[in-house]
Structures are given as C-alpha cells and as structure tokens.
>>> print(open('final_4.cif').read())   # mmCIF, C-alpha atoms; chains and numbers go by the auth columns
data_target
loop_
_atom_site.group_PDB
_atom_site.id
_atom_site.type_symbol
_atom_site.label_atom_id
_atom_site.label_comp_id
_atom_site.label_asym_id
_atom_site.label_seq_id
_atom_site.Cartn_x
_atom_site.Cartn_y
_atom_site.Cartn_z
_atom_site.B_iso_or_equiv
_atom_site.auth_seq_id
_atom_site.auth_asym_id
ATOM 1 C CA PHE A 1 6.850 6.407 -12.181 0.00 93 G
ATOM 2 C CA LEU A 2 6.973 3.996 -9.233 0.00 94 G
ATOM 3 C CA HIS A 3 5.706 0.468 -9.844 0.00 95 G
ATOM 4 C CA LEU A 4 5.095 -1.856 -6.883 0.00 96 G
ATOM 5 C CA VAL A 5 5.393 -5.612 -7.241 0.00 97 G
ATOM 6 C CA GLY A 6 5.613 -8.452 -4.797 0.00 98 G
ATOM 7 C CA GLY A 7 3.571 -10.150 -2.181 0.00 99 G
ATOM 8 C CA GLY A 8 1.550 -9.134 0.817 0.00 100 G
ATOM 9 C CA TYR A 9 3.875 -6.622 2.466 0.00 101 G
ATOM 10 C CA LEU A 10 1.186 -3.936 2.782 0.00 102 G
ATOM 11 C CA THR A 11 -0.151 -5.276 6.061 0.00 103 G
ATOM 12 C CA ASP A 12 0.481 -4.437 9.685 0.00 104 G
ATOM 13 C CA GLN A 13 2.140 -7.830 10.083 0.00 105 G
ATOM 14 C CA PHE A 14 5.252 -6.136 8.659 0.00 106 G
ATOM 15 C CA ASN A 15 6.921 -2.854 9.555 0.00 107 G
ATOM 16 C CA LEU A 16 5.027 -0.435 7.315 0.00 108 G
ATOM 17 C CA GLU A 17 7.666 2.236 7.880 0.00 109 G
ATOM 18 C CA LEU A 18 9.900 0.269 5.523 0.00 110 G
ATOM 19 C CA PHE A 19 7.352 0.380 2.690 0.00 111 G
ATOM 20 C CA LEU A 20 5.367 3.615 3.035 0.00 112 G
ATOM 21 C CA PRO A 21 8.119 6.283 2.685 0.00 113 G
ATOM 22 C CA PRO A 22 8.681 5.692 -1.069 0.00 114 G
ATOM 23 C CA LEU A 23 4.906 5.932 -1.633 0.00 115 G
ATOM 24 C CA ARG A 24 4.693 9.163 0.358 0.00 116 G
ATOM 25 C CA LEU A 25 7.663 10.643 -1.506 0.00 117 G
ATOM 26 C CA ALA A 26 6.165 9.722 -4.883 0.00 118 G
ATOM 27 C CA ALA A 27 2.845 11.341 -3.914 0.00 119 G
ATOM 28 C CA ALA A 28 4.583 14.487 -2.661 0.00 120 G
ATOM 29 C CA ARG A 29 6.510 14.815 -5.918 0.00 121 G
ATOM 30 C CA GLY A 30 3.578 13.984 -8.190 0.00 122 G
ATOM 31 C CA ILE A 31 5.167 10.755 -9.390 0.00 123 G
ATOM 32 C CA PRO A 32 2.560 8.271 -10.662 0.00 124 G
ATOM 33 C CA VAL A 33 2.348 4.989 -8.730 0.00 125 G
ATOM 34 C CA THR A 34 1.062 1.741 -10.240 0.00 126 G
ATOM 35 C CA THR A 35 1.075 -1.837 -9.002 0.00 127 G
ATOM 36 C CA SER A 36 1.186 -5.356 -10.266 0.00 128 G
ATOM 37 C CA PRO A 37 -1.383 -7.520 -8.472 0.00 129 G
ATOM 38 C CA LEU A 38 -0.692 -7.021 -4.756 0.00 130 G
ATOM 39 C CA GLY A 39 -2.049 -8.514 -1.598 0.00 131 G
ATOM 40 C CA ILE A 40 -3.170 -5.729 0.748 0.00 132 G
ATOM 41 C CA GLY A 41 -4.015 -6.501 4.362 0.00 133 G
ATOM 42 C CA PRO A 42 -5.172 -8.030 6.557 0.00 134 G
ATOM 43 C CA PHE A 43 -4.949 -5.321 9.184 0.00 135 G
ATOM 44 C CA GLN A 44 -5.353 -5.744 12.897 0.00 136 G
ATOM 45 C CA SER A 45 -4.923 -2.002 13.341 0.00 137 G
ATOM 46 C CA GLU A 46 -7.415 0.430 11.813 0.00 138 G
ATOM 47 C CA ARG A 47 -4.689 3.083 12.006 0.00 139 G
ATOM 48 C CA ALA A 48 -2.314 0.958 9.900 0.00 140 G
ATOM 49 C CA ALA A 49 -5.061 0.339 7.329 0.00 141 G
ATOM 50 C CA ARG A 50 -5.720 4.095 7.053 0.00 142 G
ATOM 51 C CA ARG A 51 -2.008 4.804 6.633 0.00 143 G
ATOM 52 C CA VAL A 52 -1.727 2.337 3.758 0.00 144 G
ATOM 53 C CA MET A 53 -4.887 3.631 2.080 0.00 145 G
ATOM 54 C CA ARG A 54 -3.640 7.234 2.342 0.00 146 G
ATOM 55 C CA ALA A 55 -0.311 6.225 0.817 0.00 147 G
ATOM 56 C CA LEU A 56 -2.097 4.508 -2.093 0.00 148 G
ATOM 57 C CA ARG A 57 -4.805 7.147 -2.550 0.00 149 G
ATOM 58 C CA THR A 58 -3.503 8.410 -5.908 0.00 150 G
ATOM 59 C CA ALA A 59 -2.047 5.085 -7.091 0.00 151 G
ATOM 60 C CA ARG A 60 -3.446 2.839 -9.785 0.00 152 G
ATOM 61 C CA VAL A 61 -3.763 -0.297 -7.658 0.00 153 G
ATOM 62 C CA VAL A 62 -4.338 -3.824 -8.954 0.00 154 G
ATOM 63 C CA VAL A 63 -5.057 -6.395 -6.247 0.00 155 G
ATOM 64 C CA ARG A 64 -4.516 -10.118 -6.389 0.00 156 G
ATOM 65 C CA ASP A 65 -7.452 -11.435 -4.395 0.00 157 G
ATOM 66 C CA GLU A 66 -10.964 -10.767 -3.098 0.00 158 G
ATOM 67 C CA SER A 67 -9.870 -9.931 0.453 0.00 159 G
ATOM 68 C CA SER A 68 -7.442 -7.281 -0.852 0.00 160 G
ATOM 69 C CA ALA A 69 -10.243 -5.792 -2.957 0.00 161 G
ATOM 70 C CA LYS A 70 -12.416 -5.534 0.155 0.00 162 G
ATOM 71 C CA VAL A 71 -9.667 -3.675 1.993 0.00 163 G
ATOM 72 C CA CYS A 72 -9.445 -1.190 -0.841 0.00 164 G
#
>>> encode(input="final_4.cif", output="structure tokens")
Amino acid sequence: FLHLVGGGYLTDQFNLELFLPPLRLAAARGIPVTTSPLGIGPFQSERAARRVMRALRTARVVVRDESSAKVC
C-alpha cells in the first residue's frame, strides 16, 4: 500500500505534478492508499482541487483540520 504523511503539500501553492503521479499510479494498479492526518488545500484553482480529489478518490484520507475536511 501507499501511505501519505507530511504537511500541506496537496495544494496548488506547490507543484502538484510532483505529488500526484504516485497517487495516480497506485490507483491504476489497485494499490490501496491511506494517509496520516494531512492538510489539503487551500486551492485558488478549481481545476487543481478537482485533480487532487480525483487522485484521492479511492484513498482512505484522514485530514488534520476543519478547512481540509471542507475541501474533501
């Protein structure tokens, strides 16, 4: 399985192309994805938010704060 940890890198304030490929590969191969409490967002771009949500669609996501929960 793939387990994500860390801070608030799932936001369009960072280059998402560095973080999304492993999630896409895991989904394509049927590898389960889980997270430790993550910060997700904020997003200035609706497109970036959709890309992150698609990448996490099958993951078991745990968020670290209320604003991340709202994004999800």
>>> resolve_selection(input="final_4.cif", expression="the PyMOL selection byres ((chain G and resi 113-126) around 7)", output="number ranges by chain")
G: 93-96, 109-112, 127, 147, 151-153
>>> residues_around(input="final_4.cif", residues="Gly133 in chain G", least_positions_apart="3", cutoff="9 Å", atoms="all atoms listed in the file", output="list in words")
Gly100, Tyr101, Leu102, Thr103, Asp104, Gln105, Gln136, Ala141, Ser159, Ser160 and Val163 of chain G
>>> atom_distance(input="final_4.cif", atom1="CA of Gly99 in chain G", atom2="CA of Arg142 in chain G")
19.4 Å
>>> atom_distance(input="final_4.cif", atom1="CA of Gly131 in chain G", atom2="CA of Val97 in chain G")
9.8 Å
>>> atom_distance(input="final_4.cif", atom1="CA of Ile132 in chain G", atom2="CA of Met145 in chain G")
9.6 Å
